[in-house]
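Here is model-v1.cif, consisting of mmCIF, C-alpha atoms and all ligand atoms:
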```
data_target
loop_
_atom_site.label_atom_id
_atom_site.label_comp_id
_atom_site.auth_asym_id
_atom_site.auth_seq_id
_atom_site.Cartn_x
_atom_site.Cartn_y
_atom_site.Cartn_z
CA MET A 1 -15.76 -173.31 253.49
CA GLU A 2 -17.56 -172.86 250.16
CA PRO A 3 -20.89 -170.94 250.23
CA PHE A 4 -24.03 -173.07 250.59
CA THR A 5 -27.73 -172.50 251.08
CA TYR A 6 -29.50 -173.55 254.27
CA SER A 7 -33.18 -174.44 254.55
CA ARG A 8 -35.47 -175.97 257.16
CA ALA A 9 -37.83 -178.83 256.35
CA SER A 10 -40.94 -179.21 258.48
CA GLN A 11 -42.49 -181.84 256.19
CA THR A 12 -40.86 -185.13 255.24
CA ARG A 13 -41.84 -184.77 251.58
CA ASP A 14 -40.06 -181.37 251.32
CA ALA A 15 -36.85 -182.84 252.74
CA ILE A 16 -37.01 -185.82 250.37
CA ALA A 17 -37.74 -183.62 247.34
CA ALA A 18 -34.75 -181.39 248.11
CA ALA A 19 -32.36 -184.31 248.58
CA ALA A 20 -33.68 -186.14 245.50
CA SER A 21 -32.22 -183.38 243.34
CA ALA A 22 -28.68 -184.51 244.29
CA SER A 23 -26.83 -186.81 241.90
CA THR A 24 -25.70 -189.09 244.72
CA ALA A 25 -26.81 -189.85 248.27
CA GLN A 26 -23.26 -190.49 249.37
CA GLN A 27 -19.87 -188.82 249.18
CA GLY A 28 -20.03 -185.65 247.10
CA ALA A 29 -23.81 -185.20 247.29
CA GLU A 30 -24.75 -181.58 246.63
CA VAL A 31 -27.65 -181.73 249.11
CA ARG A 32 -27.21 -182.97 252.66
CA PHE A 33 -29.60 -183.32 255.56
CA VAL A 34 -28.36 -182.00 258.87
CA ALA A 35 -29.54 -183.39 262.23
CA GLY A 36 -27.12 -182.86 265.16
CA GLY A 37 -24.43 -181.68 262.76
CA THR A 38 -21.60 -183.27 264.77
CA THR A 39 -20.35 -185.20 261.73
CA LEU A 40 -21.50 -183.03 258.84
CA ILE A 41 -20.44 -179.59 260.09
CA ASP A 42 -17.12 -181.03 261.28
CA LEU A 43 -16.42 -182.36 257.78
CA MET A 44 -17.60 -179.16 256.10
CA LYS A 45 -15.07 -177.20 258.17
CA LEU A 46 -12.37 -179.59 256.92
CA ASN A 47 -13.52 -179.13 253.31
CA VAL A 48 -14.21 -182.87 253.10
CA GLU A 49 -17.99 -182.51 252.70
CA ARG A 50 -18.90 -179.64 250.37
CA PRO A 51 -22.68 -179.57 249.94
CA GLN A 52 -24.30 -176.73 248.04
CA GLN A 53 -27.51 -177.09 250.03
CA VAL A 54 -28.02 -178.13 253.64
CA VAL A 55 -31.54 -179.13 254.70
CA ASP A 56 -32.22 -178.94 258.44
CA ILE A 57 -34.50 -181.88 259.35
CA ASN A 58 -34.75 -181.15 263.08
CA HIS A 59 -38.36 -179.98 262.75
CA LEU A 60 -39.62 -183.30 261.41
CA PRO A 61 -41.72 -185.35 263.88
CA LEU A 62 -39.15 -188.13 264.29
CA SER A 63 -38.08 -187.77 267.93
CA GLU A 64 -40.18 -190.46 269.62
CA VAL A 65 -39.34 -193.90 271.01
CA GLU A 66 -42.40 -196.16 270.93
CA THR A 67 -43.12 -199.80 271.79
CA LEU A 68 -45.33 -201.29 269.06
CA ALA A 69 -48.22 -203.67 269.72
CA ASP A 70 -46.12 -206.64 268.52
CA GLY A 71 -43.34 -205.82 271.00
CA ARG A 72 -40.90 -204.18 268.57
CA LEU A 73 -39.29 -200.87 269.49
CA LYS A 74 -39.64 -198.00 267.00
CA ILE A 75 -36.96 -195.33 267.34
CA GLY A 76 -37.33 -192.03 265.49
CA SER A 77 -34.24 -190.99 263.53
CA LEU A 78 -34.06 -187.67 265.39
CA VAL A 79 -33.99 -189.25 268.86
CA ARG A 80 -30.81 -187.94 270.45
CA ASN A 81 -28.19 -190.46 271.52
CA SER A 82 -28.42 -189.37 275.18
CA ASP A 83 -32.23 -189.71 275.24
CA LEU A 84 -32.05 -193.16 273.65
CA ALA A 85 -29.32 -194.37 276.02
CA HIS A 86 -31.37 -193.33 279.06
CA HIS A 87 -34.76 -194.47 277.80
CA PRO A 88 -36.18 -196.94 280.39
CA VAL A 89 -37.22 -199.54 277.79
CA VAL A 90 -33.80 -199.43 276.13
CA GLN A 91 -32.04 -199.76 279.49
CA ARG A 92 -34.27 -202.69 280.48
CA ASP A 93 -34.61 -204.66 277.23
CA TYR A 94 -31.72 -203.52 275.00
CA ALA A 95 -28.90 -202.84 277.47
CA VAL A 96 -26.29 -203.41 274.76
CA LEU A 97 -27.62 -200.36 272.88
CA SER A 98 -27.63 -198.14 275.95
CA GLU A 99 -24.08 -199.22 276.84
CA ALA A 100 -22.81 -198.68 273.28
CA LEU A 101 -24.30 -195.19 273.10
CA LEU A 102 -22.82 -194.22 276.46
CA ALA A 103 -19.40 -195.52 275.38
CA GLY A 104 -19.39 -193.08 272.45
CA ALA A 105 -18.13 -189.51 272.20
CA SER A 106 -18.90 -187.20 275.16
CA ALA A 107 -22.06 -186.19 277.04
CA GLN A 108 -22.25 -182.93 275.06
CA LEU A 109 -21.93 -184.70 271.72
CA ARG A 110 -24.49 -187.34 272.70
CA ASN A 111 -26.96 -184.56 273.51
CA MET A 112 -26.67 -183.35 269.89
CA ALA A 113 -26.08 -186.58 267.97
CA SER A 114 -29.16 -188.22 266.44
CA THR A 115 -29.96 -191.86 265.72
CA GLY A 116 -29.97 -191.28 261.93
CA GLY A 117 -26.79 -189.18 262.01
CA ASN A 118 -24.97 -191.76 264.12
CA LEU A 119 -25.90 -194.49 261.63
CA LEU A 120 -24.35 -192.40 258.83
CA GLN A 121 -21.30 -190.99 260.60
CA ARG A 122 -18.17 -191.13 258.44
CA THR A 123 -14.91 -192.96 259.04
CA ARG A 124 -12.21 -191.45 261.25
CA CYS A 125 -9.42 -192.49 258.81
CA ASN A 126 -6.98 -189.55 258.99
CA TYR A 127 -6.51 -189.44 255.23
CA PHE A 128 -10.25 -189.21 254.61
CA ARG A 129 -10.34 -186.18 256.89
CA ASP A 130 -7.36 -184.50 255.20
CA ALA A 131 -8.53 -183.01 251.91
CA ASP A 132 -4.92 -182.76 250.66
CA MET A 133 -4.29 -186.54 250.74
CA PRO A 134 -5.31 -189.18 248.17
CA CYS A 135 -8.37 -191.10 249.41
CA ASN A 136 -10.64 -193.29 247.28
CA LYS A 137 -13.55 -192.80 249.64
CA ARG A 138 -13.39 -188.99 249.45
CA GLU A 139 -12.22 -188.76 245.86
CA PRO A 140 -12.86 -192.00 243.93
CA GLY A 141 -9.83 -193.17 241.92
CA SER A 142 -7.28 -191.02 243.79
CA GLY A 143 -5.77 -193.96 245.72
CA CYS A 144 -5.70 -195.15 249.32
CA SER A 145 -3.08 -193.42 251.47
CA ALA A 146 -3.75 -195.69 254.44
CA ILE A 147 -2.77 -199.03 252.93
CA LYS A 148 0.91 -198.11 253.04
CA GLY A 149 0.47 -195.36 255.62
CA ALA A 150 -0.83 -194.92 259.16
CA ASN A 151 -3.37 -197.71 259.54
CA ARG A 152 -3.17 -198.68 263.23
CA ASN A 153 -6.81 -197.72 263.83
CA LEU A 154 -8.21 -199.14 260.62
CA ALA A 155 -10.01 -202.33 259.61
CA ILE A 156 -8.91 -205.95 259.43
CA LEU A 157 -12.24 -207.42 258.26
CA GLY A 158 -14.12 -206.61 255.05
CA THR A 159 -11.26 -204.57 253.56
CA SER A 160 -10.42 -204.22 249.87
CA ASP A 161 -7.47 -202.97 247.82
CA HIS A 162 -9.36 -199.69 247.54
CA CYS A 163 -10.19 -198.92 251.18
CA ILE A 164 -9.49 -200.27 254.67
CA ALA A 165 -11.45 -197.71 256.70
CA THR A 166 -13.44 -198.79 259.76
CA ASN A 167 -17.04 -197.90 260.44
CA PRO A 168 -16.45 -195.91 263.64
CA SER A 169 -19.88 -196.06 265.29
CA ASP A 170 -20.46 -197.82 268.60
CA MET A 171 -24.25 -197.63 268.22
CA ASN A 172 -24.12 -199.43 264.87
CA VAL A 173 -22.39 -202.44 266.43
CA ALA A 174 -25.14 -202.80 269.03
CA LEU A 175 -27.80 -202.37 266.33
CA ALA A 176 -26.14 -205.14 264.29
CA ALA A 177 -26.27 -207.55 267.26
CA LEU A 178 -29.90 -206.57 267.86
CA GLU A 179 -30.76 -207.22 264.18
CA ALA A 180 -32.16 -203.73 263.70
CA VAL A 181 -34.12 -202.75 260.62
CA ILE A 182 -33.62 -199.31 259.06
CA VAL A 183 -36.79 -197.60 257.81
CA VAL A 184 -36.15 -195.35 254.83
CA GLN A 185 -38.57 -192.95 253.16
CA GLY A 186 -37.65 -192.09 249.58
CA THR A 187 -39.13 -190.85 246.33
CA GLN A 188 -40.72 -194.29 245.74
CA GLY A 189 -42.22 -194.60 249.24
CA GLU A 190 -41.08 -196.46 252.35
CA ARG A 191 -38.79 -199.46 252.52
CA GLN A 192 -37.31 -201.43 255.40
CA VAL A 193 -33.71 -202.62 255.20
CA PRO A 194 -32.04 -205.04 257.65
CA ILE A 195 -28.94 -203.36 259.06
CA ASP A 196 -26.56 -205.97 257.63
CA ALA A 197 -27.77 -205.17 254.10
CA PHE A 198 -27.91 -201.43 254.77
CA PHE A 199 -24.11 -201.09 255.06
CA LEU A 200 -21.96 -201.96 252.03
CA LEU A 201 -18.44 -203.38 251.92
CA PRO A 202 -15.94 -200.99 250.26
CA GLY A 203 -15.05 -203.26 247.31
CA THR A 204 -14.13 -201.06 244.36
CA THR A 205 -16.57 -198.30 245.38
CA PRO A 206 -15.67 -197.22 248.92
CA GLU A 207 -17.46 -193.89 248.38
CA ARG A 208 -20.74 -195.87 248.58
CA GLU A 209 -21.21 -196.80 252.23
CA THR A 210 -24.92 -197.61 252.37
CA LEU A 211 -27.86 -198.60 250.19
CA LEU A 212 -29.27 -195.06 250.36
CA GLN A 213 -30.36 -193.37 247.12
CA PRO A 214 -30.72 -189.63 246.46
CA GLY A 215 -33.70 -188.31 248.41
CA ASP A 216 -33.69 -191.11 250.98
CA LEU A 217 -34.45 -190.03 254.51
CA ILE A 218 -34.00 -192.41 257.44
CA THR A 219 -37.18 -192.04 259.45
CA HIS A 220 -36.90 -194.82 262.05
CA VAL A 221 -34.95 -197.75 263.35
CA LEU A 222 -36.94 -200.85 264.36
CA LEU A 223 -35.69 -203.31 266.96
CA PRO A 224 -37.20 -206.81 267.19
CA ALA A 225 -39.10 -207.63 270.37
CA PRO A 226 -36.62 -208.63 273.09
CA VAL A 227 -35.74 -212.32 273.27
CA LYS A 228 -37.19 -213.84 276.45
CA GLY A 229 -34.53 -214.28 279.11
CA ALA A 230 -31.77 -212.74 277.00
CA ARG A 231 -29.05 -210.52 278.41
CA SER A 232 -26.81 -208.25 276.42
CA HIS A 233 -23.58 -206.31 276.78
CA TYR A 234 -21.26 -203.93 274.91
CA LEU A 235 -17.52 -203.91 275.60
CA LYS A 236 -15.31 -201.25 274.03
CA LEU A 237 -11.51 -201.25 274.11
CA ARG A 238 -9.72 -198.01 273.20
CA ASP A 239 -6.53 -196.04 273.79
CA ARG A 240 -8.05 -193.95 276.58
CA ALA A 241 -11.05 -194.43 278.83
CA SER A 242 -13.35 -191.81 277.27
CA TYR A 243 -13.81 -189.59 274.23
CA GLU A 244 -12.09 -192.10 271.97
CA PHE A 245 -13.13 -194.44 269.16
CA ALA A 246 -12.88 -198.23 269.53
CA LEU A 247 -9.78 -200.20 268.65
CA ALA A 248 -12.00 -203.24 269.13
CA SER A 249 -15.46 -203.67 270.57
CA ALA A 250 -18.02 -206.43 270.94
CA ALA A 251 -21.81 -206.40 271.22
CA VAL A 252 -23.43 -209.62 272.40
CA VAL A 253 -27.02 -210.75 272.98
CA PHE A 254 -27.21 -214.07 274.80
CA ALA A 255 -29.67 -216.55 276.31
CA THR A 256 -29.40 -220.08 277.66
CA ASP A 257 -31.85 -222.93 278.06
CA ALA A 258 -31.17 -225.99 280.24
CA GLY A 259 -27.48 -225.06 280.48
CA LYS A 260 -26.95 -224.67 276.71
CA ILE A 261 -26.69 -221.52 274.66
CA SER A 262 -30.07 -221.13 272.97
CA HIS A 263 -29.70 -217.65 271.45
CA VAL A 264 -26.58 -215.68 270.67
CA ARG A 265 -25.93 -212.67 268.46
CA ILE A 266 -22.46 -211.24 268.02
CA ALA A 267 -21.17 -208.07 266.35
CA LEU A 268 -17.72 -206.50 266.41
CA GLY A 269 -16.68 -202.86 266.16
CA GLY A 270 -13.36 -201.14 265.48
CA VAL A 271 -12.22 -203.96 263.23
CA GLY A 272 -14.64 -204.04 260.28
CA THR A 273 -15.33 -201.81 257.31
CA LYS A 274 -18.95 -202.10 258.39
CA PRO A 275 -20.53 -203.07 261.74
CA TRP A 276 -19.30 -206.67 261.77
CA ARG A 277 -21.87 -209.33 262.57
CA SER A 278 -20.36 -212.80 262.93
CA PRO A 279 -22.88 -215.55 262.10
CA GLU A 280 -19.97 -218.03 262.08
CA ALA A 281 -19.14 -217.34 265.73
CA GLU A 282 -22.85 -217.50 266.62
CA LYS A 283 -23.12 -220.91 264.94
CA ALA A 284 -20.05 -222.15 266.81
CA LEU A 285 -21.73 -221.32 270.13
CA HIS A 286 -25.31 -222.37 269.51
CA GLY A 287 -26.20 -225.42 271.64
CA GLN A 288 -22.85 -225.35 273.46
CA ALA A 289 -22.15 -224.87 277.15
CA SER A 290 -21.19 -221.43 278.47
CA THR A 291 -17.50 -222.00 279.10
CA PRO A 292 -14.50 -219.68 278.65
CA GLU A 293 -13.00 -222.25 276.27
CA ASN A 294 -16.08 -222.25 274.02
CA PHE A 295 -16.15 -218.45 274.04
CA ALA A 296 -12.46 -218.23 273.08
CA ALA A 297 -12.99 -220.78 270.29
CA ALA A 298 -15.93 -218.76 268.91
CA ALA A 299 -13.87 -215.57 269.06
CA ALA A 300 -11.15 -217.27 267.02
CA VAL A 301 -13.79 -218.19 264.43
CA ALA A 302 -15.02 -214.57 264.32
CA LEU A 303 -11.51 -213.32 263.45
CA ARG A 304 -10.60 -216.24 261.16
CA ASP A 305 -10.69 -214.14 258.00
CA ALA A 306 -8.90 -211.10 259.42
CA GLN A 307 -6.40 -209.44 257.10
CA PRO A 308 -4.20 -207.20 259.24
CA GLN A 309 -2.49 -204.15 257.77
CA SER A 310 1.12 -203.10 258.48
CA GLU A 311 0.32 -201.49 261.86
CA ASN A 312 -2.76 -203.25 263.21
CA ALA A 313 -2.02 -206.98 263.55
CA PHE A 314 -2.52 -206.48 267.31
CA LYS A 315 -6.24 -206.06 266.65
CA VAL A 316 -6.69 -209.75 265.83
CA ASP A 317 -5.79 -210.77 269.35
CA LEU A 318 -7.41 -207.71 270.94
CA ALA A 319 -10.75 -208.32 269.22
CA GLN A 320 -10.72 -211.99 270.21
CA ARG A 321 -10.07 -211.15 273.85
CA CYS A 322 -12.71 -208.42 273.71
CA LEU A 323 -15.35 -210.82 272.42
CA THR A 324 -14.35 -213.61 274.81
CA HIS A 325 -14.61 -211.21 277.75
CA ALA A 326 -17.96 -209.77 276.60
CA LEU A 327 -19.42 -213.29 276.31
CA ALA A 328 -18.06 -214.31 279.72
CA THR A 329 -19.55 -211.16 281.25
CA VAL A 330 -23.01 -211.69 279.83
CA ALA A 331 -22.91 -215.42 280.70
CA ASN A 332 -21.62 -214.62 284.18
CA VAL A 333 -18.80 -217.20 284.06
C1 LIG B 401 -14.98 -185.45 268.94
C2 LIG B 401 -15.91 -186.55 268.55
C3 LIG B 401 -15.81 -187.79 269.17
C4 LIG B 401 -16.70 -188.81 268.79
N1 LIG B 401 -16.58 -190.04 269.40
C5 LIG B 401 -17.44 -191.05 269.01
C6 LIG B 401 -17.33 -192.35 269.58
O1 LIG B 401 -16.51 -192.62 270.46
N2 LIG B 401 -18.21 -193.30 269.15
C7 LIG B 401 -19.16 -193.05 268.21
O2 LIG B 401 -19.92 -193.94 267.85
N3 LIG B 401 -19.27 -191.84 267.65
C8 LIG B 401 -18.42 -190.84 268.03
N4 LIG B 401 -18.53 -189.62 267.44
C9 LIG B 401 -19.43 -189.46 266.30
C10 LIG B 401 -20.82 -189.02 266.69
O3 LIG B 401 -21.48 -190.10 267.30
C11 LIG B 401 -21.52 -188.63 265.38
O4 LIG B 401 -20.92 -187.43 264.91
C12 LIG B 401 -23.01 -188.42 265.58
O5 LIG B 401 -23.63 -189.59 266.02
C13 LIG B 401 -23.65 -187.97 264.26
O6 LIG B 401 -24.99 -187.62 264.50
P1 LIG B 401 -25.54 -186.20 264.04
O7 LIG B 401 -27.00 -186.18 264.29
O8 LIG B 401 -24.75 -185.09 264.66
O9 LIG B 401 -25.24 -186.29 262.49
P2 LIG B 401 -25.14 -185.16 261.37
O10 LIG B 401 -23.77 -184.57 261.39
O11 LIG B 401 -26.29 -184.22 261.45
O12 LIG B 401 -25.33 -186.06 260.08
C14 LIG B 401 -24.41 -187.07 259.74
C15 LIG B 401 -24.73 -187.59 258.35
O13 LIG B 401 -26.00 -188.23 258.35
C16 LIG B 401 -26.88 -187.64 257.43
N5 LIG B 401 -28.19 -187.70 258.08
C17 LIG B 401 -28.49 -187.31 259.34
N6 LIG B 401 -29.75 -187.68 259.65
C18 LIG B 401 -30.26 -188.30 258.55
C19 LIG B 401 -31.50 -188.92 258.26
N7 LIG B 401 -32.50 -188.97 259.15
N8 LIG B 401 -31.67 -189.48 257.04
C20 LIG B 401 -30.68 -189.46 256.12
N9 LIG B 401 -29.49 -188.87 256.34
C21 LIG B 401 -29.27 -188.32 257.55
C22 LIG B 401 -26.33 -186.24 257.19
O14 LIG B 401 -26.67 -185.75 255.93
C23 LIG B 401 -24.84 -186.49 257.31
O15 LIG B 401 -24.34 -186.98 256.10
C24 LIG B 401 -17.68 -188.57 267.79
C25 LIG B 401 -17.79 -187.31 267.20
C26 LIG B 401 -16.93 -186.30 267.55
C27 LIG B 401 -17.05 -184.95 266.89
S1 LIG B 402 -8.69 -196.34 254.05
FE1 LIG B 402 -10.43 -195.59 252.86
S2 LIG B 402 -10.87 -193.66 253.87
FE2 LIG B 402 -8.75 -194.16 254.42
S3 LIG B 402 -7.40 -193.30 252.84
FE3 LIG B 402 -7.91 -195.35 252.19
S4 LIG B 402 -9.67 -195.02 250.85
FE4 LIG B 402 -9.52 -193.21 252.13
#
```
Output the structure of this file as structure tokens.
Amino acid sequence: MEPFTYSRASQTRDAIAAAASASTAQQGAEVRFVAGGTTLIDLMKLNVERPQQVVDINHLPLSEVETLADGRLKIGSLVRNSDLAHHPVVQRDYAVLSEALLAGASAQLRNMASTGGNLLQRTRCNYFRDADMPCNKREPGSGCSAIKGANRNLAILGTSDHCIATNPSDMNVALAALEAVIVVQGTQGERQVPIDAFFLLPGTTPERETLLQPGDLITHVLLPAPVKGARSHYLKLRDRASYEFALASAAVVFATDAGKISHVRIALGGVGTKPWRSPEAEKALHGQASTPENFAAAAAVALRDAQPQSENAFKVDLAQRCLTHALATVANV
């Protein structure tokens, strides 16, 4: 590992000022924040992330979960994944988030991992994590080893000729279905970004994964007030029952009125280059009856634009069955 300096920030403005001196907020940034460290330190050991300065943000006052007067839930970016998963309001009103968090990593990792760090965790593409292999995301312009290589675990939605890596987070899929808003504090003040706009498709610049600019600190995540009568669920399919990333997953939020579907939000994991919300599948279900046939038809719509790679065509069917099953579970049919 190359030498780097370490500092602790106890004030938000100090953290932002330090990070604002970096030329980029993304891959290759010279200054990185560290929260739980379970992504960053891992990648530093592999020589994939090589910051010159690491700013420890764990002393910032961002570890609270709070219900706002208007019913929204405000989650501090340093709230640990285990605390969030077991928070009584999250378990009661946002079960999909609790389930997604508990489906991720291991108990030890969840005790360390933070909300902000989970949002920004990096892909598990093997070539990204191997500093000796060409990878456009790690080293722009070097090529994509996965397109003609080992791509079984990689994306089938939102891919480009430059990168086919999946966003690996379970939490992000639940946040997409819950229509979360990411609160960012930067050199120009605070801004609020809907999660769908926060994550970028790889296009020709896969090294840019989010809208973040140098100096930007995620301070909170906001969840809309729960929809009356809605139920939610996260289903994750993977090669082994624990300690494994998703091959396909589905997050659904669902309510009915007079026998018809009145509210449905759908996001997929393990298959997209970003947490994959499917407004098309939602539209296909709105106003329909809760039947297995309607759920299967909506799942087919969600995967309509899938572009499988050489080793992962199985994901098209797997993701459809995952979504169909998640919808049937939440609808109790
Ligand atoms: C063995 C293993 C298995 C795993 N399995 C799963 C799994 O099944 N599902 C899953 O979803 N995840 C899994 N993970 C990933 C894990 O969830 C992430 O590593 C974790 O959530 C990252 O959080 P952190 O606080 O440790 O991030 P850090 O490593 O501290 O930070 C990650 C990135 O976010 C940036 N950052 C952190 N906080 C902020 C902030 N507030 N503002 C701006 N930038 C910030 C850092 O600079 C860094 O670039 C696994 C990890 C490991 C090591
Ligand atoms: S899929 Fe993306 S992360 Fe993986 S090798 Fe290609 S460019 Fe790199």
Using 8 Å of padding on each side, determine the axis-aligned box around all atoms of ligand LIG 402 (chain B) present in the file and give its centre and edge lengths in Å to one decimal, as lines of an AutoDock Vina configuration file.
```
center_x = -9.1
center_y = -194.8
center_z = 252.6
size_x = 19.5
size_y = 19.1
size_z = 19.6
```
Of the listed residues A:Arg122, A:Lys274, A:His286, A:His59, that which approaches ligand LIG 402 (chain B) most closely, counting all atoms listed in the file: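 Ranking A:Arg122, A:Lys274, A:His286, A:His59 by distance to ligand LIG 402 (chain B), first place goes to A:Arg122.
Between atom CA of Lys236 of chain A and atom CA of Thr329 of chain A the interatomic distance comes to 13.0 Å.
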Which residue out of A:Ala258, A:Leu285, A:Leu43, A:Ala297 has the minimum interatomic distance to Arg124 of chain A when only C-alpha atoms are used? A:Leu43
So that I can see what lies close to segment 199-213 of chain A, please list as a PDB file with C-alpha atoms, in the frame of the given file the residues with an atom at most 9 Å from it, counting all atoms listed in the file and leaving out residues fewer than 5 positions away in the same chain.
```pdb
ATOM      1  CA  ALA A  20     -33.680-186.140 245.500  1.00  0.00           C
ATOM      2  CA  THR A  24     -25.700-189.090 244.720  1.00  0.00           C
ATOM      3  CA  ALA A  25     -26.810-189.850 248.270  1.00  0.00           C
ATOM      4  CA  GLN A  26     -23.260-190.490 249.370  1.00  0.00           C
ATOM      5  CA  GLN A  27     -19.870-188.820 249.180  1.00  0.00           C
ATOM      6  CA  GLY A  28     -20.030-185.650 247.100  1.00  0.00           C
ATOM      7  CA  LEU A 120     -24.350-192.400 258.830  1.00  0.00           C
ATOM      8  CA  ARG A 122     -18.170-191.130 258.440  1.00  0.00           C
ATOM      9  CA  ASN A 136     -10.640-193.290 247.280  1.00  0.00           C
ATOM     10  CA  LYS A 137     -13.550-192.800 249.640  1.00  0.00           C
ATOM     11  CA  ARG A 138     -13.390-188.990 249.450  1.00  0.00           C
ATOM     12  CA  GLU A 139     -12.220-188.760 245.860  1.00  0.00           C
ATOM     13  CA  PRO A 140     -12.860-192.000 243.930  1.00  0.00           C
ATOM     14  CA  GLY A 158     -14.120-206.610 255.050  1.00  0.00           C
ATOM     15  CA  THR A 159     -11.260-204.570 253.560  1.00  0.00           C
ATOM     16  CA  SER A 160     -10.420-204.220 249.870  1.00  0.00           C
ATOM     17  CA  ASP A 161      -7.470-202.970 247.820  1.00  0.00           C
ATOM     18  CA  HIS A 162      -9.360-199.690 247.540  1.00  0.00           C
ATOM     19  CA  CYS A 163     -10.190-198.920 251.180  1.00  0.00           C
ATOM     20  CA  ILE A 164      -9.490-200.270 254.670  1.00  0.00           C
ATOM     21  CA  ALA A 165     -11.450-197.710 256.700  1.00  0.00           C
ATOM     22  CA  VAL A 184     -36.150-195.350 254.830  1.00  0.00           C
ATOM     23  CA  GLY A 186     -37.650-192.090 249.580  1.00  0.00           C
ATOM     24  CA  VAL A 193     -33.710-202.620 255.200  1.00  0.00           C
ATOM     25  CA  ILE A 218     -34.000-192.410 257.440  1.00  0.00           C
ATOM     26  CA  THR A 273     -15.330-201.810 257.310  1.00  0.00           C
ATOM     27  CA  LYS A 274     -18.950-202.100 258.390  1.00  0.00           C
ATOM     28  CA  PRO A 275     -20.530-203.070 261.740  1.00  0.00           C
TER      29      PRO A 275
END
```
Contacts with ligand LIG 401 (chain B) at most 8 Å, all atoms listed in the file counted, listed as a PyMOL selection string: chain A and resi 26+31-42+57+77-78+80-81+100-101+103-106+109-110+112-122+168-172+184+216-220+242-246
Residue subset to file, keeping C-alpha atoms, as a compact mmCIF listing (two decimals), keeping the file's coordinate frame:
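Saved result, out.txt, follows:
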```
# COMPACT_ATOMS: atom_id res chain seq x y z
CA GLN A 26 -23.26 -190.49 249.37
CA VAL A 31 -27.65 -181.73 249.11
CA ARG A 32 -27.21 -182.97 252.66
CA PHE A 33 -29.60 -183.32 255.56
CA VAL A 34 -28.36 -182.00 258.87
CA ALA A 35 -29.54 -183.39 262.23
CA GLY A 36 -27.12 -182.86 265.16
CA GLY A 37 -24.43 -181.68 262.76
CA THR A 38 -21.60 -183.27 264.77
CA THR A 39 -20.35 -185.20 261.73
CA LEU A 40 -21.50 -183.03 258.84
CA ILE A 41 -20.44 -179.59 260.09
CA ASP A 42 -17.12 -181.03 261.28
CA ILE A 57 -34.50 -181.88 259.35
CA SER A 77 -34.24 -190.99 263.53
CA LEU A 78 -34.06 -187.67 265.39
CA ARG A 80 -30.81 -187.94 270.45
CA ASN A 81 -28.19 -190.46 271.52
CA ALA A 100 -22.81 -198.68 273.28
CA LEU A 101 -24.30 -195.19 273.10
CA ALA A 103 -19.40 -195.52 275.38
CA GLY A 104 -19.39 -193.08 272.45
CA ALA A 105 -18.13 -189.51 272.20
CA SER A 106 -18.90 -187.20 275.16
CA LEU A 109 -21.93 -184.70 271.72
CA ARG A 110 -24.49 -187.34 272.70
CA MET A 112 -26.67 -183.35 269.89
CA ALA A 113 -26.08 -186.58 267.97
CA SER A 114 -29.16 -188.22 266.44
CA THR A 115 -29.96 -191.86 265.72
CA GLY A 116 -29.97 -191.28 261.93
CA GLY A 117 -26.79 -189.18 262.01
CA ASN A 118 -24.97 -191.76 264.12
CA LEU A 119 -25.90 -194.49 261.63
CA LEU A 120 -24.35 -192.40 258.83
CA GLN A 121 -21.30 -190.99 260.60
CA ARG A 122 -18.17 -191.13 258.44
CA PRO A 168 -16.45 -195.91 263.64
CA SER A 169 -19.88 -196.06 265.29
CA ASP A 170 -20.46 -197.82 268.60
CA MET A 171 -24.25 -197.63 268.22
CA ASN A 172 -24.12 -199.43 264.87
CA VAL A 184 -36.15 -195.35 254.83
CA ASP A 216 -33.69 -191.11 250.98
CA LEU A 217 -34.45 -190.03 254.51
CA ILE A 218 -34.00 -192.41 257.44
CA THR A 219 -37.18 -192.04 259.45
CA HIS A 220 -36.90 -194.82 262.05
CA SER A 242 -13.35 -191.81 277.27
CA TYR A 243 -13.81 -189.59 274.23
CA GLU A 244 -12.09 -192.10 271.97
CA PHE A 245 -13.13 -194.44 269.16
CA ALA A 246 -12.88 -198.23 269.53
```
Find the residues near Pro194 of chain A: any atom within 10 Å, counting all atoms listed in the file, skip ones fewer than 3 places away on the same chain, and give them as a ChimeraX atom specification. /A:176,179-183,197-199,221-222
Can you pull out every residue within 9 Å of Asn126 of chain A, counting all atoms listed in the file, but drop anything in the same chain fewer than 5 positions away, and send it as a PDB file with C-alpha atoms, in the frame of the given file?
```
ATOM      1  CA  ALA A 146      -3.750-195.690 254.440  1.00  0.00           C
ATOM      2  CA  ALA A 150      -0.830-194.920 259.160  1.00  0.00           C
ATOM      3  CA  ASN A 151      -3.370-197.710 259.540  1.00  0.00           C
TER       4      ASN A 151
END
```
Between A:Ala69, A:Met133, A:Ala107, A:Ala95, which one has atoms that come closest to ligand LIG 402 (chain B), using all atoms listed in the file? A:Met133
What is the atom CA of Asp305 of chain A-atom CA of Gln288 of chain A distance in Å, reported with one decimal?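 We find that atom CA of Asp305 of chain A and atom CA of Gln288 of chain A lie 22.6 Å from each other.
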Export of segment 111-120 of chain A: C-alpha atoms, as a compact mmCIF listing (two decimals), in the first residue's frame:
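The resulting out28.txt:
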```
# COMPACT_ATOMS: atom_id res chain seq x y z
CA ASN A 111 -21.94 -3.60 12.60
CA MET A 112 -19.20 -1.58 10.84
CA ALA A 113 -20.85 -0.63 7.54
CA SER A 114 -22.51 2.79 7.41
CA THR A 115 -25.48 4.06 5.42
CA GLY A 116 -23.30 6.46 3.38
CA GLY A 117 -20.58 3.86 2.80
CA ASN A 118 -23.10 1.25 1.69
CA LEU A 119 -24.56 3.70 -0.84
CA LEU A 120 -21.07 4.19 -2.31
```
